[in-house]
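Note sheet for the following structure.
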Amino acid sequence: MQVVFRLKILKTTCIINVTFEAPNYAIDGIESIRVPVDDSTEDDLSPYMDEVADKLHDVTQHKGIAIVHCVAGISRSCTLVLAYLIKHKQMSLKEAFLHCKSRRDMSQPNPSFFQQLIDFERKVRGNTSVRIVTKRLEGMEGQDIKVPDFYEKEFPEKVLSTALESKEFKPKKNTLMHELSERSLL
């Protein structure tokens with residue numbers, strides 16, 4: 001099994017699986033933890049933030065290597081890594097997000113998880129560095145989306161991607177939608 005070989009080469013000591021759907025493997029010498037949450041605005045990662053942040057801290061303190069994954073590596077796993085950075089690396093939520101984004105450009109907790117992180121930051125740090133704001137986009141029929149306040153200025157592409165991922169999104173008739181991507185259409 002090539003995955004097991006890679007995990008052993010990386011000297012992985014802990015895998016945190018933030019999904020319902022991905023299998024949880026029992027691999028000799030590697031602790032495996034499941035956080036059973038969907039990437040949905042109805043799901044709540046906040047009950048797991050302290051425990052996972054503390055686990056990641058413990059693994060790093062003992063010179064271990066942890067892998068935190070979900071299905072796409074965009075929202076759920078990123079949310080829990082951000083909680084760790086806030087709690088144990090004394091970063092603000094915005095600093096933690098910018099750090100994660102510099103390492104994995106597609107990092108983007110869903111709006112509900114972002115609000116949970118804001119609440120976590122307030123609990124841990126006593127203040128917040130981010131707030132959720134409501135935006136209206138051209139081509140949307142009176143629909144508002146909720147995004148972190150710094151997205152519009154620093155990451156405008158994330159405002160649109162948040163809208164496109166929203167289950168409430170309904171484009172106006174005759175509005176052409178194109179995927180924002182650097183990939184070729186061929």
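Within each chain, counting starts at residue 1; across the structure tokens, chains are named A, B, ... in the order shown, with ligands numbered 1 upward in that order.
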
Applying 12 Å and only C-alpha atoms, which residues near A:Ile132 remain after dropping the ones on its own chain fewer than 5 positions away? List them as JSON, numbers by chain. {"A": [110, 111, 112, 113, 114, 115, 116, 117, 118, 119, 145, 146, 147, 148, 149, 150, 151, 152, 159]}

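All residues of protein, DNA or RNA that reach within 8 Å of stretch 25-42 of chain A, judged by only C-alpha atoms and not counting those fewer than 5 positions away in the chain, are Val4, Thr12, Thr13, Cys14, Ile15, Ile16, Asn17, Val18, Thr19, Phe20, Tyr48, Ser75, Arg76, Asn110, Pro111, Ser112 and Phe113 of chain A.
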
Apply DSSP to the structure's backbone, then extract all residues of stretch 11-182 of chain A labelled strand (DSSP E) and return them as a PyMOL selection string. chain A and resi 14-17+31-34+66-69+132-136+144-148

Excluding A:Asp54 and its own-chain neighbours fewer than 2 positions away, which residues fall within 12 Å of it when counting only C-alpha atoms? Please give them as a VMD selection string. chain A and resid 48 to 52 56 to 61 80 to 81 83 to 89

Between A:His62, A:Ala53, A:Val71, A:Gln108, which has the minimum distance to A:Gln90 (counting only C-alpha atoms)? A:Ala53

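Pairwise distance (atom CA of A:Cys70, atom CA of A:Glu21) equals 9.0 Å.
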
Would you list, as a PyMOL selection string, the residues of stretch 86-162 of chain A that end up in alpha helix (DSSP H) under DSSP run on this structure's backbone? chain A and resi 86-88+93-103+111-125+151-154+156-162

Just-selected residues, N, CA and C atoms written as a short mmCIF file (atom, residue, chain, number, x, y, z; two decimals), in the first residue's frame:
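Writing done, so here's part.cif:
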```cif
data_model
loop_
_atom_site.label_atom_id
_atom_site.label_comp_id
_atom_site.auth_asym_id
_atom_site.auth_seq_id
_atom_site.Cartn_x
_atom_site.Cartn_y
_atom_site.Cartn_z
N ILE A 86 -4.11 29.41 16.41
CA ILE A 86 -4.64 30.44 17.32
C ILE A 86 -4.30 30.09 18.76
N LYS A 87 -4.54 28.85 19.14
CA LYS A 87 -4.38 28.47 20.55
C LYS A 87 -2.93 28.26 20.97
N HIS A 88 -2.14 27.64 20.12
CA HIS A 88 -0.80 27.24 20.57
C HIS A 88 0.35 28.01 19.91
N LEU A 93 -6.59 35.00 14.27
CA LEU A 93 -7.24 34.22 13.22
C LEU A 93 -6.78 34.69 11.84
N LYS A 94 -6.70 35.99 11.65
CA LYS A 94 -6.27 36.50 10.34
C LYS A 94 -4.83 36.09 10.05
N GLU A 95 -3.94 36.22 11.03
CA GLU A 95 -2.55 35.79 10.83
C GLU A 95 -2.48 34.30 10.51
N ALA A 96 -3.25 33.51 11.24
CA ALA A 96 -3.26 32.06 11.03
C ALA A 96 -3.77 31.73 9.63
N PHE A 97 -4.84 32.41 9.20
CA PHE A 97 -5.38 32.17 7.87
C PHE A 97 -4.34 32.52 6.80
N LEU A 98 -3.71 33.68 6.94
CA LEU A 98 -2.70 34.10 5.95
C LEU A 98 -1.53 33.11 5.92
N HIS A 99 -1.16 32.60 7.09
CA HIS A 99 -0.10 31.60 7.16
C HIS A 99 -0.51 30.32 6.42
N CYS A 100 -1.71 29.82 6.72
CA CYS A 100 -2.20 28.61 6.04
C CYS A 100 -2.31 28.82 4.54
N LYS A 101 -2.85 29.96 4.14
CA LYS A 101 -3.01 30.25 2.72
C LYS A 101 -1.66 30.32 2.02
N SER A 102 -0.63 30.81 2.72
CA SER A 102 0.71 30.86 2.10
C SER A 102 1.28 29.46 1.90
N ARG A 103 0.80 28.49 2.66
CA ARG A 103 1.27 27.11 2.54
C ARG A 103 0.36 26.26 1.64
N PRO A 111 -18.19 29.60 5.52
CA PRO A 111 -18.56 30.74 6.37
C PRO A 111 -18.96 30.36 7.80
N SER A 112 -19.63 29.23 7.95
CA SER A 112 -20.03 28.79 9.29
C SER A 112 -18.80 28.42 10.12
N PHE A 113 -17.86 27.70 9.52
CA PHE A 113 -16.63 27.35 10.24
C PHE A 113 -15.83 28.61 10.57
N PHE A 114 -15.85 29.60 9.66
CA PHE A 114 -15.13 30.85 9.94
C PHE A 114 -15.74 31.54 11.15
N GLN A 115 -17.07 31.54 11.24
CA GLN A 115 -17.72 32.15 12.42
C GLN A 115 -17.34 31.38 13.68
N GLN A 116 -17.29 30.06 13.59
CA GLN A 116 -16.88 29.26 14.75
C GLN A 116 -15.44 29.58 15.15
N LEU A 117 -14.57 29.83 14.16
CA LEU A 117 -13.19 30.23 14.46
C LEU A 117 -13.13 31.61 15.12
N ILE A 118 -13.98 32.52 14.68
CA ILE A 118 -14.04 33.85 15.31
C ILE A 118 -14.43 33.70 16.78
N ASP A 119 -15.43 32.88 17.04
CA ASP A 119 -15.84 32.63 18.43
C ASP A 119 -14.72 31.97 19.23
N PHE A 120 -13.99 31.05 18.60
CA PHE A 120 -12.86 30.37 19.26
C PHE A 120 -11.74 31.38 19.56
N GLU A 121 -11.46 32.24 18.59
CA GLU A 121 -10.43 33.27 18.81
C GLU A 121 -10.82 34.17 19.99
N ARG A 122 -12.08 34.56 20.06
CA ARG A 122 -12.55 35.40 21.16
C ARG A 122 -12.35 34.67 22.50
N LYS A 123 -12.68 33.38 22.53
CA LYS A 123 -12.55 32.60 23.76
C LYS A 123 -11.07 32.47 24.16
N VAL A 124 -10.21 32.18 23.21
CA VAL A 124 -8.79 31.93 23.49
C VAL A 124 -8.00 33.21 23.72
N ARG A 125 -8.24 34.22 22.88
CA ARG A 125 -7.41 35.43 22.90
C ARG A 125 -8.08 36.63 23.58
N TYR A 151 -11.75 39.36 3.02
CA TYR A 151 -11.78 38.69 1.72
C TYR A 151 -11.89 39.68 0.57
N GLU A 152 -12.83 40.63 0.66
CA GLU A 152 -13.11 41.51 -0.47
C GLU A 152 -11.87 42.26 -0.93
N LYS A 153 -11.09 42.77 0.01
CA LYS A 153 -9.90 43.55 -0.34
C LYS A 153 -8.71 42.66 -0.70
N GLU A 154 -8.48 41.61 0.10
CA GLU A 154 -7.26 40.82 -0.06
C GLU A 154 -7.43 39.58 -0.93
N PRO A 156 -10.42 38.76 -3.40
CA PRO A 156 -11.74 38.90 -4.02
C PRO A 156 -12.24 37.61 -4.67
N GLU A 157 -11.33 36.76 -5.14
CA GLU A 157 -11.75 35.49 -5.75
C GLU A 157 -12.45 34.59 -4.73
N LYS A 158 -12.14 34.75 -3.46
CA LYS A 158 -12.76 33.92 -2.42
C LYS A 158 -14.19 34.38 -2.13
N VAL A 159 -14.49 35.66 -2.40
CA VAL A 159 -15.87 36.13 -2.24
C VAL A 159 -16.76 35.40 -3.25
N LEU A 160 -16.32 35.35 -4.49
CA LEU A 160 -17.11 34.67 -5.52
C LEU A 160 -17.17 33.17 -5.26
N SER A 161 -16.06 32.56 -4.88
CA SER A 161 -16.09 31.11 -4.64
C SER A 161 -17.00 30.78 -3.46
N THR A 162 -17.05 31.65 -2.45
CA THR A 162 -17.97 31.44 -1.33
C THR A 162 -19.41 31.48 -1.84
#
```

Please report the interatomic distance between atom CA of A:Asn24 and atom CA of A:Pro109 in Å with one decimal. 22.2 Å

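A straight line drawn from atom CA of A:Leu7 to atom CA of A:Met106 is 22.5 Å long.
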